[in-house]
file protein_30.cif (mmCIF, N, CA and C atoms and all ligand atoms)
data_target
#
loop_
_atom_site.label_atom_id
_atom_site.label_comp_id
_atom_site.auth_asym_id
_atom_site.auth_seq_id
_atom_site.Cartn_x
_atom_site.Cartn_y
_atom_site.Cartn_z
N MET A 1 -31.81 -10.27 8.43
CA MET A 1 -32.14 -9.22 7.44
C MET A 1 -32.34 -9.88 6.06
N LYS A 2 -33.41 -9.51 5.40
CA LYS A 2 -33.71 -10.06 4.09
C LYS A 2 -32.88 -9.35 3.01
N CYS A 3 -32.50 -10.11 2.00
CA CYS A 3 -31.71 -9.54 0.91
C CYS A 3 -32.62 -8.69 0.02
N SER A 4 -32.20 -7.46 -0.20
CA SER A 4 -33.04 -6.55 -0.99
C SER A 4 -32.83 -6.77 -2.49
N ALA A 5 -31.78 -7.50 -2.84
CA ALA A 5 -31.49 -7.72 -4.27
C ALA A 5 -32.35 -8.84 -4.84
N CYS A 6 -32.42 -9.97 -4.16
CA CYS A 6 -33.17 -11.11 -4.71
C CYS A 6 -34.51 -11.30 -3.99
N LYS A 7 -34.64 -10.73 -2.80
CA LYS A 7 -35.86 -10.85 -1.98
C LYS A 7 -36.19 -12.30 -1.61
N ASN A 8 -35.23 -13.17 -1.76
CA ASN A 8 -35.41 -14.58 -1.40
C ASN A 8 -34.54 -14.98 -0.22
N GLY A 9 -33.29 -14.53 -0.28
CA GLY A 9 -32.32 -14.99 0.72
C GLY A 9 -32.27 -14.08 1.93
N MET A 10 -31.49 -14.52 2.90
CA MET A 10 -31.25 -13.74 4.10
C MET A 10 -29.77 -13.34 4.11
N LEU A 11 -29.51 -12.18 4.69
CA LEU A 11 -28.13 -11.71 4.81
C LEU A 11 -27.53 -12.19 6.12
N HIS A 12 -26.33 -12.76 6.03
CA HIS A 12 -25.61 -13.20 7.23
C HIS A 12 -24.22 -12.59 7.22
N HIS A 13 -23.74 -12.22 8.41
CA HIS A 13 -22.39 -11.69 8.48
C HIS A 13 -21.40 -12.84 8.47
N LYS A 14 -20.59 -12.90 7.43
CA LYS A 14 -19.58 -13.97 7.31
C LYS A 14 -18.49 -13.53 6.35
N ASN A 15 -17.44 -14.34 6.29
CA ASN A 15 -16.37 -14.10 5.32
C ASN A 15 -16.71 -14.81 4.03
N LYS A 16 -16.41 -14.15 2.93
CA LYS A 16 -16.64 -14.79 1.65
C LYS A 16 -15.44 -14.50 0.74
N SER A 17 -14.98 -15.54 0.04
CA SER A 17 -13.86 -15.35 -0.88
C SER A 17 -14.30 -14.46 -2.03
N GLN A 18 -13.56 -13.40 -2.22
CA GLN A 18 -13.88 -12.48 -3.31
C GLN A 18 -12.62 -12.25 -4.14
N ILE A 19 -12.80 -12.19 -5.44
CA ILE A 19 -11.67 -11.93 -6.31
C ILE A 19 -11.61 -10.42 -6.58
N TYR A 20 -10.47 -9.82 -6.26
CA TYR A 20 -10.25 -8.40 -6.53
C TYR A 20 -9.19 -8.28 -7.62
N THR A 21 -9.42 -7.37 -8.53
CA THR A 21 -8.52 -7.23 -9.68
C THR A 21 -7.94 -5.82 -9.72
N TYR A 22 -6.67 -5.76 -10.03
CA TYR A 22 -5.98 -4.48 -10.20
C TYR A 22 -5.03 -4.60 -11.38
N LYS A 23 -5.22 -3.73 -12.36
CA LYS A 23 -4.40 -3.71 -13.58
C LYS A 23 -4.26 -5.11 -14.20
N GLY A 24 -5.36 -5.81 -14.26
CA GLY A 24 -5.36 -7.12 -14.92
C GLY A 24 -4.87 -8.28 -14.07
N LYS A 25 -4.39 -7.99 -12.85
CA LYS A 25 -3.93 -9.06 -11.96
C LYS A 25 -4.95 -9.23 -10.83
N SER A 26 -5.17 -10.48 -10.44
CA SER A 26 -6.22 -10.76 -9.46
C SER A 26 -5.68 -11.37 -8.19
N ILE A 27 -6.41 -11.12 -7.11
CA ILE A 27 -6.10 -11.70 -5.81
C ILE A 27 -7.42 -12.11 -5.17
N THR A 28 -7.42 -13.23 -4.45
CA THR A 28 -8.61 -13.68 -3.74
C THR A 28 -8.46 -13.29 -2.27
N LEU A 29 -9.42 -12.53 -1.78
CA LEU A 29 -9.37 -12.07 -0.39
C LEU A 29 -10.61 -12.56 0.35
N ASN A 30 -10.44 -12.80 1.64
CA ASN A 30 -11.55 -13.19 2.50
C ASN A 30 -12.30 -11.94 2.94
N GLN A 31 -13.39 -11.64 2.27
CA GLN A 31 -14.10 -10.38 2.51
C GLN A 31 -15.24 -10.57 3.52
N PRO A 32 -15.10 -9.97 4.72
CA PRO A 32 -16.23 -10.01 5.64
C PRO A 32 -17.34 -9.08 5.16
N GLY A 33 -18.54 -9.39 5.50
CA GLY A 33 -19.67 -8.55 5.12
C GLY A 33 -20.97 -9.29 5.35
N LEU A 34 -22.07 -8.62 5.05
CA LEU A 34 -23.39 -9.27 5.11
C LEU A 34 -23.64 -9.89 3.75
N TRP A 35 -23.58 -11.21 3.70
CA TRP A 35 -23.71 -11.89 2.42
C TRP A 35 -25.03 -12.65 2.35
N CYS A 36 -25.66 -12.59 1.19
CA CYS A 36 -26.92 -13.30 0.96
C CYS A 36 -26.65 -14.79 0.83
N ASP A 37 -27.51 -15.60 1.44
CA ASP A 37 -27.34 -17.05 1.34
C ASP A 37 -28.03 -17.62 0.09
N PHE A 38 -28.59 -16.74 -0.71
CA PHE A 38 -29.30 -17.21 -1.90
C PHE A 38 -28.66 -16.70 -3.20
N CYS A 39 -28.41 -15.39 -3.26
CA CYS A 39 -27.76 -14.84 -4.46
C CYS A 39 -26.33 -14.42 -4.11
N GLU A 40 -25.70 -13.70 -5.01
CA GLU A 40 -24.30 -13.31 -4.81
C GLU A 40 -24.15 -11.95 -4.13
N GLU A 41 -25.29 -11.33 -3.77
CA GLU A 41 -25.25 -9.97 -3.24
C GLU A 41 -24.61 -9.92 -1.85
N GLY A 42 -23.96 -8.81 -1.60
CA GLY A 42 -23.39 -8.59 -0.28
C GLY A 42 -23.47 -7.12 0.07
N VAL A 43 -23.57 -6.86 1.36
CA VAL A 43 -23.57 -5.47 1.83
C VAL A 43 -22.33 -5.29 2.70
N LEU A 44 -21.48 -4.35 2.29
CA LEU A 44 -20.24 -4.12 3.02
C LEU A 44 -20.28 -2.74 3.66
N ASN A 45 -19.92 -2.70 4.95
CA ASN A 45 -19.78 -1.38 5.58
C ASN A 45 -18.31 -0.99 5.64
N GLY A 46 -18.05 0.18 6.18
CA GLY A 46 -16.68 0.69 6.21
C GLY A 46 -15.71 -0.25 6.92
N GLU A 47 -16.18 -0.85 7.99
CA GLU A 47 -15.33 -1.75 8.78
C GLU A 47 -14.97 -2.99 7.96
N ASP A 48 -15.96 -3.52 7.22
CA ASP A 48 -15.72 -4.70 6.38
C ASP A 48 -14.68 -4.38 5.31
N ILE A 49 -14.82 -3.22 4.70
CA ILE A 49 -13.91 -2.82 3.62
C ILE A 49 -12.50 -2.62 4.18
N ALA A 50 -12.43 -2.02 5.37
CA ALA A 50 -11.13 -1.76 5.99
C ALA A 50 -10.37 -3.06 6.24
N LYS A 51 -11.10 -4.15 6.48
CA LYS A 51 -10.46 -5.45 6.77
C LYS A 51 -9.62 -5.96 5.59
N THR A 52 -10.05 -5.70 4.37
CA THR A 52 -9.32 -6.21 3.21
C THR A 52 -8.52 -5.12 2.50
N GLU A 53 -8.75 -3.86 2.88
CA GLU A 53 -8.13 -2.74 2.19
C GLU A 53 -6.60 -2.80 2.24
N LYS A 54 -6.07 -3.11 3.42
CA LYS A 54 -4.61 -3.14 3.59
C LYS A 54 -3.98 -4.23 2.72
N GLU A 55 -4.61 -5.40 2.73
CA GLU A 55 -4.06 -6.51 1.95
C GLU A 55 -4.13 -6.21 0.46
N PHE A 56 -5.24 -5.61 0.05
CA PHE A 56 -5.40 -5.25 -1.36
C PHE A 56 -4.39 -4.17 -1.74
N ASP A 57 -4.13 -3.28 -0.80
CA ASP A 57 -3.15 -2.22 -1.02
C ASP A 57 -1.74 -2.79 -1.19
N ARG A 58 -1.41 -3.77 -0.38
CA ARG A 58 -0.10 -4.44 -0.51
C ARG A 58 0.02 -5.11 -1.87
N PHE A 59 -1.09 -5.71 -2.30
CA PHE A 59 -1.12 -6.37 -3.60
C PHE A 59 -0.88 -5.34 -4.72
N LYS A 60 -1.54 -4.20 -4.63
CA LYS A 60 -1.39 -3.15 -5.65
C LYS A 60 0.06 -2.65 -5.70
N THR A 61 0.66 -2.49 -4.51
CA THR A 61 2.05 -2.05 -4.42
C THR A 61 2.96 -3.02 -5.16
N LYS A 62 2.69 -4.32 -4.99
CA LYS A 62 3.46 -5.37 -5.66
C LYS A 62 3.27 -5.30 -7.18
N VAL A 63 2.01 -5.15 -7.60
CA VAL A 63 1.71 -5.09 -9.04
C VAL A 63 2.41 -3.87 -9.66
N ASP A 64 2.41 -2.76 -8.93
CA ASP A 64 3.05 -1.53 -9.42
C ASP A 64 4.57 -1.58 -9.32
N ASP A 65 5.08 -2.65 -8.70
CA ASP A 65 6.52 -2.81 -8.52
C ASP A 65 7.13 -1.70 -7.68
N LEU A 66 6.38 -1.26 -6.67
CA LEU A 66 6.88 -0.22 -5.76
C LEU A 66 7.40 -0.89 -4.49
N LEU A 67 8.32 -0.20 -3.82
CA LEU A 67 8.79 -0.69 -2.53
C LEU A 67 7.65 -0.64 -1.53
N SER A 68 7.61 -1.59 -0.61
CA SER A 68 6.58 -1.61 0.43
C SER A 68 6.98 -0.62 1.53
N PRO A 69 6.04 -0.21 2.40
CA PRO A 69 6.39 0.68 3.51
C PRO A 69 7.55 0.15 4.34
N LYS A 70 7.55 -1.17 4.58
CA LYS A 70 8.62 -1.79 5.38
C LYS A 70 9.97 -1.68 4.69
N GLU A 71 9.98 -1.92 3.38
CA GLU A 71 11.24 -1.85 2.62
C GLU A 71 11.77 -0.42 2.60
N ILE A 72 10.87 0.55 2.45
CA ILE A 72 11.29 1.96 2.43
C ILE A 72 11.96 2.32 3.76
N ARG A 73 11.32 1.91 4.85
CA ARG A 73 11.86 2.19 6.17
C ARG A 73 13.24 1.54 6.34
N HIS A 74 13.35 0.30 5.90
CA HIS A 74 14.61 -0.43 6.01
C HIS A 74 15.72 0.28 5.24
N ILE A 75 15.46 0.68 4.02
CA ILE A 75 16.49 1.33 3.19
C ILE A 75 16.88 2.68 3.79
N ARG A 76 15.85 3.48 4.17
CA ARG A 76 16.15 4.80 4.73
C ARG A 76 16.94 4.71 6.03
N LYS A 77 16.49 3.87 6.94
CA LYS A 77 17.03 3.85 8.29
C LYS A 77 18.30 3.00 8.39
N ASP A 78 18.22 1.76 7.92
CA ASP A 78 19.32 0.82 8.14
C ASP A 78 20.43 0.94 7.09
N ILE A 79 20.06 1.27 5.86
CA ILE A 79 21.07 1.31 4.80
C ILE A 79 21.63 2.71 4.62
N LEU A 80 20.74 3.70 4.49
CA LEU A 80 21.20 5.06 4.22
C LEU A 80 21.43 5.88 5.49
N LYS A 81 20.97 5.36 6.64
CA LYS A 81 21.14 6.03 7.95
C LYS A 81 20.61 7.46 7.94
N LEU A 82 19.43 7.62 7.40
CA LEU A 82 18.82 8.95 7.34
C LEU A 82 17.61 9.00 8.25
N THR A 83 17.34 10.20 8.81
CA THR A 83 16.07 10.39 9.51
C THR A 83 15.00 10.60 8.45
N GLN A 84 13.74 10.51 8.85
CA GLN A 84 12.65 10.73 7.90
C GLN A 84 12.73 12.14 7.32
N GLU A 85 13.10 13.09 8.16
CA GLU A 85 13.17 14.48 7.71
C GLU A 85 14.28 14.68 6.68
N GLU A 86 15.45 14.09 6.97
CA GLU A 86 16.56 14.18 6.02
C GLU A 86 16.19 13.54 4.68
N ALA A 87 15.56 12.38 4.77
CA ALA A 87 15.16 11.67 3.54
C ALA A 87 14.19 12.52 2.72
N GLY A 88 13.29 13.21 3.41
CA GLY A 88 12.33 14.08 2.73
C GLY A 88 13.02 15.22 2.00
N LYS A 89 14.10 15.75 2.62
CA LYS A 89 14.86 16.84 1.99
C LYS A 89 15.58 16.35 0.74
N ILE A 90 16.14 15.14 0.83
CA ILE A 90 16.95 14.62 -0.27
C ILE A 90 16.09 14.12 -1.43
N PHE A 91 15.05 13.39 -1.09
CA PHE A 91 14.26 12.73 -2.15
C PHE A 91 12.98 13.47 -2.50
N GLY A 92 12.65 14.49 -1.74
CA GLY A 92 11.39 15.20 -1.95
C GLY A 92 10.27 14.52 -1.19
N GLY A 93 9.09 15.05 -1.38
CA GLY A 93 7.95 14.48 -0.67
C GLY A 93 7.65 15.20 0.63
N GLY A 94 8.46 16.23 0.94
CA GLY A 94 8.17 17.05 2.12
C GLY A 94 8.64 16.43 3.42
N LYS A 95 8.48 17.21 4.48
CA LYS A 95 8.96 16.83 5.80
C LYS A 95 8.31 15.53 6.29
N ASN A 96 7.03 15.36 5.97
CA ASN A 96 6.31 14.17 6.45
C ASN A 96 6.17 13.08 5.40
N GLY A 97 6.82 13.31 4.25
CA GLY A 97 6.68 12.37 3.15
C GLY A 97 7.03 10.94 3.54
N PHE A 98 8.20 10.76 4.16
CA PHE A 98 8.64 9.40 4.48
C PHE A 98 7.82 8.78 5.60
N SER A 99 7.38 9.62 6.51
CA SER A 99 6.50 9.11 7.56
C SER A 99 5.22 8.55 6.92
N ARG A 100 4.72 9.22 5.89
CA ARG A 100 3.51 8.76 5.20
C ARG A 100 3.78 7.50 4.39
N TYR A 101 4.93 7.47 3.72
CA TYR A 101 5.26 6.24 2.95
C TYR A 101 5.39 5.04 3.89
N GLU A 102 6.05 5.27 5.02
CA GLU A 102 6.38 4.15 5.90
C GLU A 102 5.19 3.68 6.71
N ARG A 103 4.17 4.50 6.81
CA ARG A 103 2.93 4.05 7.46
C ARG A 103 1.94 3.51 6.42
N GLY A 104 2.34 3.59 5.15
CA GLY A 104 1.47 3.07 4.10
C GLY A 104 0.31 3.99 3.77
N GLN A 105 0.40 5.25 4.21
CA GLN A 105 -0.67 6.20 3.95
C GLN A 105 -0.63 6.70 2.51
N VAL A 106 0.59 6.87 2.02
CA VAL A 106 0.79 7.38 0.67
C VAL A 106 1.78 6.47 -0.04
N LYS A 107 1.56 6.25 -1.31
CA LYS A 107 2.51 5.45 -2.08
C LYS A 107 3.58 6.36 -2.65
N PRO A 108 4.83 5.90 -2.65
CA PRO A 108 5.88 6.74 -3.24
C PRO A 108 5.72 6.78 -4.75
N LEU A 109 6.25 7.82 -5.35
CA LEU A 109 6.32 7.87 -6.81
C LEU A 109 7.23 6.75 -7.27
N LEU A 110 6.98 6.25 -8.46
CA LEU A 110 7.82 5.18 -9.01
C LEU A 110 9.29 5.64 -9.04
N ALA A 111 9.51 6.92 -9.35
CA ALA A 111 10.88 7.46 -9.43
C ALA A 111 11.58 7.36 -8.08
N ILE A 112 10.90 7.70 -6.99
CA ILE A 112 11.49 7.64 -5.66
C ILE A 112 11.75 6.18 -5.27
N SER A 113 10.78 5.34 -5.56
CA SER A 113 10.91 3.93 -5.24
C SER A 113 12.11 3.32 -5.97
N ASN A 114 12.25 3.64 -7.25
CA ASN A 114 13.36 3.08 -8.03
C ASN A 114 14.71 3.65 -7.59
N LEU A 115 14.72 4.94 -7.24
CA LEU A 115 15.97 5.55 -6.76
C LEU A 115 16.42 4.88 -5.46
N LEU A 116 15.47 4.61 -4.57
CA LEU A 116 15.80 3.93 -3.31
C LEU A 116 16.32 2.51 -3.57
N LYS A 117 15.75 1.86 -4.58
CA LYS A 117 16.23 0.51 -4.93
C LYS A 117 17.68 0.55 -5.37
N ILE A 118 18.04 1.58 -6.15
CA ILE A 118 19.43 1.71 -6.63
C ILE A 118 20.35 2.00 -5.44
N LEU A 119 19.90 2.93 -4.57
CA LEU A 119 20.74 3.30 -3.42
C LEU A 119 20.89 2.15 -2.42
N GLU A 120 19.91 1.25 -2.42
CA GLU A 120 20.03 0.08 -1.55
C GLU A 120 21.25 -0.74 -1.97
N ARG A 121 21.50 -0.79 -3.27
CA ARG A 121 22.65 -1.55 -3.79
C ARG A 121 23.93 -0.73 -3.75
N HIS A 122 23.79 0.58 -3.89
CA HIS A 122 24.98 1.45 -3.94
C HIS A 122 24.80 2.59 -2.94
N PRO A 123 24.80 2.28 -1.65
CA PRO A 123 24.50 3.32 -0.65
C PRO A 123 25.50 4.47 -0.65
N THR A 124 26.75 4.21 -1.03
CA THR A 124 27.73 5.30 -0.98
C THR A 124 27.44 6.37 -2.04
N ASP A 125 26.67 6.03 -3.06
CA ASP A 125 26.30 7.02 -4.08
C ASP A 125 25.43 8.14 -3.52
N LEU A 126 24.90 7.92 -2.32
CA LEU A 126 24.11 8.97 -1.68
C LEU A 126 24.94 10.23 -1.47
N GLU A 127 26.24 10.04 -1.18
CA GLU A 127 27.13 11.20 -0.98
C GLU A 127 27.16 12.09 -2.21
N TYR A 128 27.12 11.47 -3.36
CA TYR A 128 27.13 12.23 -4.62
C TYR A 128 25.92 13.16 -4.69
N ILE A 129 24.77 12.65 -4.30
CA ILE A 129 23.55 13.47 -4.32
C ILE A 129 23.63 14.59 -3.28
N ILE A 130 24.08 14.24 -2.08
CA ILE A 130 24.15 15.23 -1.00
C ILE A 130 25.17 16.32 -1.32
N ASN A 131 26.35 15.94 -1.83
CA ASN A 131 27.38 16.93 -2.16
C ASN A 131 26.94 17.88 -3.27
N ARG A 132 26.26 17.34 -4.26
CA ARG A 132 25.75 18.20 -5.35
C ARG A 132 24.76 19.20 -4.79
N ASP A 133 23.99 18.73 -3.83
CA ASP A 133 22.99 19.56 -3.18
C ASP A 133 23.66 20.76 -2.50
N LYS A 134 24.78 20.48 -1.81
CA LYS A 134 25.51 21.54 -1.10
C LYS A 134 26.12 22.54 -2.08
N LEU A 135 26.61 22.03 -3.20
CA LEU A 135 27.20 22.92 -4.19
C LEU A 135 26.16 23.90 -4.73
N GLY A 136 24.95 23.38 -4.93
CA GLY A 136 23.88 24.22 -5.47
C GLY A 136 23.42 25.14 -4.38
ZN ZN B 201 -30.02 -12.24 -2.32
#
call {"tool": "encode", "arguments": {"input": "protein_30.cif", "output": "structure tokens"}}
result
Amino acid sequence: MKCSACKNGMLHHKNKSQIYTYKGKSITLNQPGLWCDFCEEGVLNGEDIAKTEKEFDRFKTKVDDLLSPKEIRHIRKDILKLTQEEAGKIFGGGKNGFSRYERGQVKPLLAISNLLKILERHPTDLEYIINRDKLG
């Protein structure tokens, strides 16, 4: 396929190092796509974008200083011994909130992420939140 941008090169499906930037921080990812062998143009389809989307998402989570899906699952399940449904009731985000966080579908609010970080260090403080809840 001929490149429509420069009309000189040909497009080939290959990986190309691309720099992606988020909030002033950059990461180099191996981006598959149809890349021109003459100019810098590339054509990316949904599948190509999906290949780097997860990695870029992990990078953004790090830049935002949020807990990763794996960390959230670890704190909820192993440290606080809560089901996803219980965690949703206590921290908000609805019945499926934690399922979405832990699959990486939705990012937690910074407030939820930071609260979980504190509870990771002080898990017994969870009782304080639950007891207050019962009183109300
Ligand atoms: Zn070109």
call {"tool": "closest_residue", "arguments": {"input": "protein_30.cif", "among": "A:Ile27, A:Met1, A:Cys39, A:Ile130", "to": "ligand ZN 201 (chain B)", "atoms": "only N, CA and C atoms and all ligand atoms"}}
result
A:Cys39
call {"tool": "residues_near_ligand", "arguments": {"input": "protein_30.cif", "ligand": "ligand ZN 201 (chain B)", "cutoff": "7 Å", "atoms": "only C-alpha atoms and all ligand atoms", "output": "PyMOL selection string"}}
result
chain A and resi 3-10+36-41
call {"tool": "atom_distance", "arguments": {"input": "protein_30.cif", "atom1": "atom N of Leu11 in chain A", "atom2": "CA of Asp48 in chain A"}}
result
15.8 Å
call {"tool": "residues_around", "arguments": {"input": "protein_30.cif", "residues": "Phe98 in chain A", "least_positions_apart": "6", "cutoff": "6.5 Å", "atoms": "all atoms listed in the file", "output": "JSON, numbers by chain"}}
result
{"A": [84, 87, 88]}
call {"tool": "closest_residue", "arguments": {"input": "protein_30.cif", "among": "A:Pro32, A:Lys95, A:Leu110, A:Leu126", "to": "Leu44 in chain A", "atoms": "only N, CA and C atoms"}}
result
A:Pro32
call {"tool": "atom_distance", "arguments": {"input": "protein_30.cif", "atom1": "CA of Tyr128 in chain A", "atom2": "atom C of Ala111 in chain A"}}
result
16.7 Å
call {"tool": "atom_distance", "arguments": {"input": "protein_30.cif", "atom1": "atom C of Asn96 in chain A", "atom2": "atom C of Ile129 in chain A"}}
result
19.6 Å
call {"tool": "closest_residue", "arguments": {"input": "protein_30.cif", "among": "A:Val43, A:Leu109, A:Leu119, A:Ile79", "to": "Leu66 in chain A", "atoms": "all atoms listed in the file"}}
result
A:Leu109
call {"tool": "closest_residue", "arguments": {"input": "protein_30.cif", "among": "A:Ile75, A:Leu34, A:Leu80, A:Leu67", "to": "Ile112 in chain A", "atoms": "all atoms listed in the file"}}
result
A:Leu67
call {"tool": "select_by_dssp", "arguments": {"input": "protein_30.cif", "residues": "range 3-136 of chain A", "states": "strand (DSSP E or B)", "output": "list in words"}}
result
Met10, Leu11, His12, His13, Lys14, Asn15, Lys16, Ser17, Gln18, Ile19, Tyr20, Thr21, Tyr22, Lys25, Ser26, Ile27, Thr28, Leu29, Asn30, Gln31, Pro32, Gly33, Leu34, Trp35, Cys36, Gly42 and Val43 of chain A
call {"tool": "axis_aligned_box", "arguments": {"input": "protein_30.cif", "around": "range 80-90 of chain A", "padding_each_side": "6 Å", "output": "lines of an AutoDock Vina configuration file"}}
result
center_x = 16.9
center_y = 10.3
center_z = 4.0
size_x = 21.1
size_y = 25.1
size_z = 22.9
call {"tool": "closest_residue", "arguments": {"input": "protein_30.cif", "among": "A:Lys2, A:His12, A:Lys81, A:Lys51", "to": "Gln31 in chain A", "atoms": "only C-alpha atoms"}}
result
A:Lys51
call {"tool": "decode", "arguments": {"input": "protein_30.cif", "residues": "range 26-87 of chain A", "atoms": "C-alpha atoms", "output": "PDB file, in the first residue's frame"}}
result
ATOM      1  CA  SER A  26       6.966  10.327  28.363  1.00  0.00           C
ATOM      2  CA  ILE A  27       7.193   6.634  27.644  1.00  0.00           C
ATOM      3  CA  THR A  28       8.506   4.848  24.547  1.00  0.00           C
ATOM      4  CA  LEU A  29       6.221   2.074  23.342  1.00  0.00           C
ATOM      5  CA  ASN A  30       6.563  -0.425  20.513  1.00  0.00           C
ATOM      6  CA  GLN A  31       3.605   0.608  18.380  1.00  0.00           C
ATOM      7  CA  PRO A  32       2.455  -1.869  15.732  1.00  0.00           C
ATOM      8  CA  GLY A  33       0.840  -0.368  12.665  1.00  0.00           C
ATOM      9  CA  LEU A  34       1.234   0.324   8.966  1.00  0.00           C
ATOM     10  CA  TRP A  35       4.295   2.528   8.868  1.00  0.00           C
ATOM     11  CA  CYS A  36       5.679   4.389   5.859  1.00  0.00           C
ATOM     12  CA  ASP A  37       9.236   3.465   4.915  1.00  0.00           C
ATOM     13  CA  PHE A  38       9.857   6.976   3.633  1.00  0.00           C
ATOM     14  CA  CYS A  39       8.172   9.505   5.928  1.00  0.00           C
ATOM     15  CA  GLU A  40       7.038   9.357   9.554  1.00  0.00           C
ATOM     16  CA  GLU A  41       3.389   8.627   8.721  1.00  0.00           C
ATOM     17  CA  GLY A  42       1.619   5.624  10.118  1.00  0.00           C
ATOM     18  CA  VAL A  43      -1.853   4.172   9.906  1.00  0.00           C
ATOM     19  CA  LEU A  44      -3.131   2.540  13.081  1.00  0.00           C
ATOM     20  CA  ASN A  45      -6.266   0.449  13.352  1.00  0.00           C
ATOM     21  CA  GLY A  46      -8.152  -0.475  16.499  1.00  0.00           C
ATOM     22  CA  GLU A  47      -6.154  -3.655  16.999  1.00  0.00           C
ATOM     23  CA  ASP A  48      -2.836  -1.771  16.737  1.00  0.00           C
ATOM     24  CA  ILE A  49      -3.978   0.808  19.272  1.00  0.00           C
ATOM     25  CA  ALA A  50      -5.250  -1.894  21.639  1.00  0.00           C
ATOM     26  CA  LYS A  51      -1.739  -3.423  21.679  1.00  0.00           C
ATOM     27  CA  THR A  52      -0.203  -0.382  23.398  1.00  0.00           C
ATOM     28  CA  GLU A  53      -3.295   0.935  25.186  1.00  0.00           C
ATOM     29  CA  LYS A  54      -2.879  -1.246  28.282  1.00  0.00           C
ATOM     30  CA  GLU A  55       0.780  -0.375  28.722  1.00  0.00           C
ATOM     31  CA  PHE A  56       0.078   3.315  28.237  1.00  0.00           C
ATOM     32  CA  ASP A  57      -2.760   3.026  30.730  1.00  0.00           C
ATOM     33  CA  ARG A  58      -0.437   1.488  33.316  1.00  0.00           C
ATOM     34  CA  PHE A  59       1.964   4.350  32.702  1.00  0.00           C
ATOM     35  CA  LYS A  60      -0.797   6.928  33.248  1.00  0.00           C
ATOM     36  CA  THR A  61      -1.831   5.196  36.478  1.00  0.00           C
ATOM     37  CA  LYS A  62       1.774   5.504  37.694  1.00  0.00           C
ATOM     38  CA  VAL A  63       2.011   9.175  36.687  1.00  0.00           C
ATOM     39  CA  ASP A  64      -1.277   9.869  38.506  1.00  0.00           C
ATOM     40  CA  ASP A  65       0.094   8.025  41.543  1.00  0.00           C
ATOM     41  CA  LEU A  66      -2.947   5.740  41.667  1.00  0.00           C
ATOM     42  CA  LEU A  67      -2.954   2.141  42.828  1.00  0.00           C
ATOM     43  CA  SER A  68      -2.824  -0.375  39.982  1.00  0.00           C
ATOM     44  CA  PRO A  69      -5.675  -2.898  39.462  1.00  0.00           C
ATOM     45  CA  LYS A  70      -3.438  -5.609  40.963  1.00  0.00           C
ATOM     46  CA  GLU A  71      -2.623  -3.534  44.043  1.00  0.00           C
ATOM     47  CA  ILE A  72      -6.302  -2.709  44.606  1.00  0.00           C
ATOM     48  CA  ARG A  73      -7.210  -6.387  44.446  1.00  0.00           C
ATOM     49  CA  HIS A  74      -4.388  -7.288  46.824  1.00  0.00           C
ATOM     50  CA  ILE A  75      -5.400  -4.686  49.431  1.00  0.00           C
ATOM     51  CA  ARG A  76      -9.121  -5.484  49.218  1.00  0.00           C
ATOM     52  CA  LYS A  77      -8.808  -9.261  49.256  1.00  0.00           C
ATOM     53  CA  ASP A  78      -5.621 -10.139  51.140  1.00  0.00           C
ATOM     54  CA  ILE A  79      -5.302  -7.232  53.566  1.00  0.00           C
ATOM     55  CA  LEU A  80      -8.850  -6.048  54.268  1.00  0.00           C
ATOM     56  CA  LYS A  81     -10.523  -9.456  53.585  1.00  0.00           C
ATOM     57  CA  LEU A  82     -13.453  -7.857  51.814  1.00  0.00           C
ATOM     58  CA  THR A  83     -15.519  -9.098  48.882  1.00  0.00           C
ATOM     59  CA  GLN A  84     -15.823  -6.748  45.920  1.00  0.00           C
ATOM     60  CA  GLU A  85     -19.411  -6.031  46.920  1.00  0.00           C
ATOM     61  CA  GLU A  86     -18.502  -5.191  50.524  1.00  0.00           C
ATOM     62  CA  ALA A  87     -15.687  -2.940  49.340  1.00  0.00           C
TER      63      ALA A  87
END
